[in-house]
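J.: Sharing a structure here in structure tokens format.
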Amino acid sequence: MPGRDDIFQKALNEGHSAAWDQEWDKAVSAYRRALQEIPDNPKALSSLALALYQSGAIEEALQIYMNVAKLSPDDPIPMEKVAQLSERLGNLKNAMDAAIRAGDLFLQQRDADKALENWVRVTNLNPEHAIARSRLAQVHEKLGHTQQAVTEYLALASIIQRAGNAEKSKEMVDKAQSISPNSSEVKQAQTLLKTGQLLPKPIRGKGGTGPIRMSQVRQLQEPQKAASGLDPITDARQKALTQLAELLFEFSDESPTAQERRGLSAIMKGTGGLSLQQAEQTKVVLHLGQAIDAQSKGRESQAAEEMEAALEANFKHPALYFNLGLLRYKGERYESAQRFLQNAIKHHDYALATRLLLAQILAKKSDFHGAALEYLEALKLADSMTVPSDKADEIRQQYEPFIEAQKNQKDESGLQKICENINSLLTRADWREQLHKTREQMPKQEGEMLAPLADVILQAQSSSVLESMNRINQLARMGSLRSAMDEAYDAVIHAPTYLPLHTLMGDLLVQEGRPADAIMKYGVVAQAYSARGEVLQATKLLRRIIQLSPMDLNSRNRLIDQLVARGQIDDAIHEYLELAAIHYRLAELDMARKTFTIALRLVQQGNASRDWNTHILQRMADIDLQRLDWKQALRVYEQIRTLAPDDDAARKQIIELNLRMAQPDKALSELENYINHLESQNKNDLAISFLEDLVKDHEDQPLLKRTLAAQLHHSGRTAEAVGLLDALGEDLVRKGDKPGATEVINQIVLMNPPNADEYRQFLNQLRSE
């Protein structure tokens, strides 16, 4: 039964509005509602696919674009999207087939440039793709692109020669010679054919290696998809390889969009560390590509060497550290493995696997004491991952006394048994199911409190510390803060490294009205948690410090470091903005701008929301304006304009800054570009409103008034346009600007108002004077 058009159109418009605001989840929901009314509407399906892609659901977006391609077989755009997304996912055969078809469809629509672009995409993925080379050769020849046509015919000749057809190969070389008789490349090819030698192989285009490596990672993962699950180490390895391939894909992407994104670096000079210089990036692309290639072929030692070379080229990423640590562990280079793994331990994607690998390394070195502690840390992470999220922190806290007790454990056989028990529980594909089964077998706790799984695995008596904490909390609730602190000091003697106890002491100091001492205590405990790799707990304590002392810049910087290490990029950026705001309030404009710049680099480097870009750039531009650095402000606003073409505030600032800098031609060019942009979207009323605001702010700029008048006339409001120009002409005459007045009156005459003859007469009078 067909759906209702009004509901469909309303949902579609809501989706477009959400997409315009880059609220992709809302856009997805709205488009799905629209498709419930008209399921096979190509426009709604394409919009849904785009929103899904932007929200990270690439595979579902690909399936929808494939459906749209079937519904609209003559439309090249969905087929082009199928090619792009297939390439992004590493499915190169589908990508090449779709790109060939997209190119053919674009050519049918007489869009040769887009056809060529799609066929070039194929040759980047497979330089010896004969069909793509043939298409490129023929179209370049027809368009008169001599050099490109010769290159493609020679490439085609090489492919055909290697397929064993010498006669056809000579035919292709002769074709190239007929196009460019004096070409040195053609003459060289003819010589090679005459002497019975092979023609050079076609080379891969720039930017083609990223998808190849993604494909190799995909092939590595294929055998594991059939399994019911992955053990933590294999799972982390898969995530690390995928992330490295994605980074390589981004680095090697030469599309206009990618180049525009990388163009942000032009306004982020002099702030160090988070982005790669071009030379370093080239080395990283080379070594990462070779590392993934070697690992896909089982050459793990070579892969590790290439990853170390990428590290030396200043590429530092948790995925690289983890993968490198794992490879060195497999190669029995345990010291190197430990060193690399320590740099991955704070990232939530790799923390559990890293703890297990460190434990296994220590066990192999017969350090069962250290191994047991690492295994307990691993069990703590795994346990917290399999309970409801609101109980995770509670579970983690309960592990502290068990870990504390194990630090004093001397029984090596007991320690070895702990290692064996936890290792057998966690290093298996169904480890989550095993943890759930183990928890089901545990005695039920009173109330809603969950007991840690360590209760089952350990026999150590750690209850005394917990009992002391209960007494401290009871005394604090009764208002006996001094007695509670005395009890805490007694407990610390027996458990000096039990960090929750120290945190509780900090809480008591806050209640006693001693915030400075509490901040000092929290800072020390946060440092200890960070050294242990407990980033979440360190982060919570640093947030407490900032709540007590918002101007504590050192603690805020430490908090940012912890958030970045944990992969919480959006939270880190938020803290950078808070830090910049503090510098701004202190009138430290240089420090504020530098902090904004570092935050912007982090947006580009991490998996943060791209919405941050324009927000941060706007703040930077505000500071540049306050410092009267108009040139720098102009560059920033131009970058905002590129990222957000509909940002009228940025457009207005660009125009005003050009006027301040005595560059009226550039101001007018920017204004015309924006007006044309609005007209292309049928937003004529917005264009007029924008111009009216500019005229109000710049009454002394005749060009703005003339542009407004032209727009009014274009919108059918000729009388208003003539009135505006008439007043402007009179003003210019009064000021003695006869050339300017002549241009204005001539503009009126061209509008052909009812009294045009009067204006012609006045125009002749002005010219004769």
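Just so we're on the same page: first chain in the structure tokens is A, next is B, and so on; residues restart at 1 for each chain, and ligands are numbered from 1 in the order they show up.
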Please give the complete set of residues from region 108-215 of chain A that DSSP, run on the backbone, assigns to helix (DSSP H, G or I), formatted as a ChimeraX atom specification.

T.: /A:108,112-125,130-143,146-162,166-179,184-194,209-215

J.: Have a look at A:Asn764, A:Ser366, A:Thr354, A:Gln639 and name the one nearest to Phe340 (chain A); count only C-alpha atoms.

T.: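 Among the listed residues, the smallest separation from Phe340 (chain A) belongs to A:Thr354.
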
J.: Using only C-alpha atoms, pick whichever of A:Val139, A:Ala61, A:Leu732, A:Leu678 has the shortest atom-to-atom distance to Pro702 (chain A).

T.: A:Leu732

J.: Write out as a list in words which residues come within 8 Å of Asp349 (chain A) when counting only C-alpha atoms, dropping same-chain ones fewer than 2 positions away.

T.: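 Non-adjacent residues within range: Ala236, Lys239, His347, Ala351 and Leu352 of chain A.
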
J.: Export C-alpha atoms of the chosen residues as a PDB file, in the first residue's frame?

T.:
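Dumped everything to part-v5.pdb:
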```pdb
ATOM      1  CA  ALA A 236      43.077  -5.912  19.692  1.00  0.00           C
ATOM      2  CA  LYS A 239      41.582  -3.286  15.678  1.00  0.00           C
ATOM      3  CA  HIS A 347      44.175   3.265  25.341  1.00  0.00           C
ATOM      4  CA  ALA A 351      44.414  -2.008  27.539  1.00  0.00           C
ATOM      5  CA  LEU A 352      43.114  -5.552  28.196  1.00  0.00           C
TER       6      LEU A 352
END
```

J.: I want to know what sits within 10 Å of Asp685 (chain A), based on only C-alpha atoms, with residues of the same chain fewer than 4 positions away left out; could you give that as a ChimeraX atom specification?

T.: /A:678-679,689-691,711-712,715

J.: With N, CA and C atoms retained, export the selected residues as a PDB file, in the first residue's frame.

T.:
```pdb
ATOM      1  N   LEU A 678      24.339  31.701  -2.801  1.00  0.00           N
ATOM      2  CA  LEU A 678      22.971  31.739  -2.276  1.00  0.00           C
ATOM      3  C   LEU A 678      21.948  31.603  -3.404  1.00  0.00           C
ATOM      4  N   GLU A 679      22.224  32.237  -4.521  1.00  0.00           N
ATOM      5  CA  GLU A 679      21.286  32.142  -5.644  1.00  0.00           C
ATOM      6  C   GLU A 679      21.192  30.709  -6.164  1.00  0.00           C
ATOM      7  N   SER A 689      18.917  40.213   2.392  1.00  0.00           N
ATOM      8  CA  SER A 689      19.059  40.523   3.817  1.00  0.00           C
ATOM      9  C   SER A 689      20.531  40.687   4.193  1.00  0.00           C
ATOM     10  N   PHE A 690      21.375  39.810   3.659  1.00  0.00           N
ATOM     11  CA  PHE A 690      22.820  39.892   3.934  1.00  0.00           C
ATOM     12  C   PHE A 690      23.392  41.216   3.431  1.00  0.00           C
ATOM     13  N   LEU A 691      22.999  41.594   2.211  1.00  0.00           N
ATOM     14  CA  LEU A 691      23.487  42.848   1.635  1.00  0.00           C
ATOM     15  C   LEU A 691      22.976  44.062   2.423  1.00  0.00           C
ATOM     16  N   GLN A 711      20.818  43.306  -6.843  1.00  0.00           N
ATOM     17  CA  GLN A 711      20.122  42.122  -6.347  1.00  0.00           C
ATOM     18  C   GLN A 711      18.614  42.386  -6.219  1.00  0.00           C
ATOM     19  N   LEU A 712      18.256  43.613  -5.790  1.00  0.00           N
ATOM     20  CA  LEU A 712      16.845  43.978  -5.709  1.00  0.00           C
ATOM     21  C   LEU A 712      16.196  43.950  -7.090  1.00  0.00           C
ATOM     22  N   SER A 715      15.570  40.524  -8.257  1.00  0.00           N
ATOM     23  CA  SER A 715      14.447  39.886  -7.563  1.00  0.00           C
ATOM     24  C   SER A 715      13.107  40.515  -7.928  1.00  0.00           C
TER      25      SER A 715
END
```
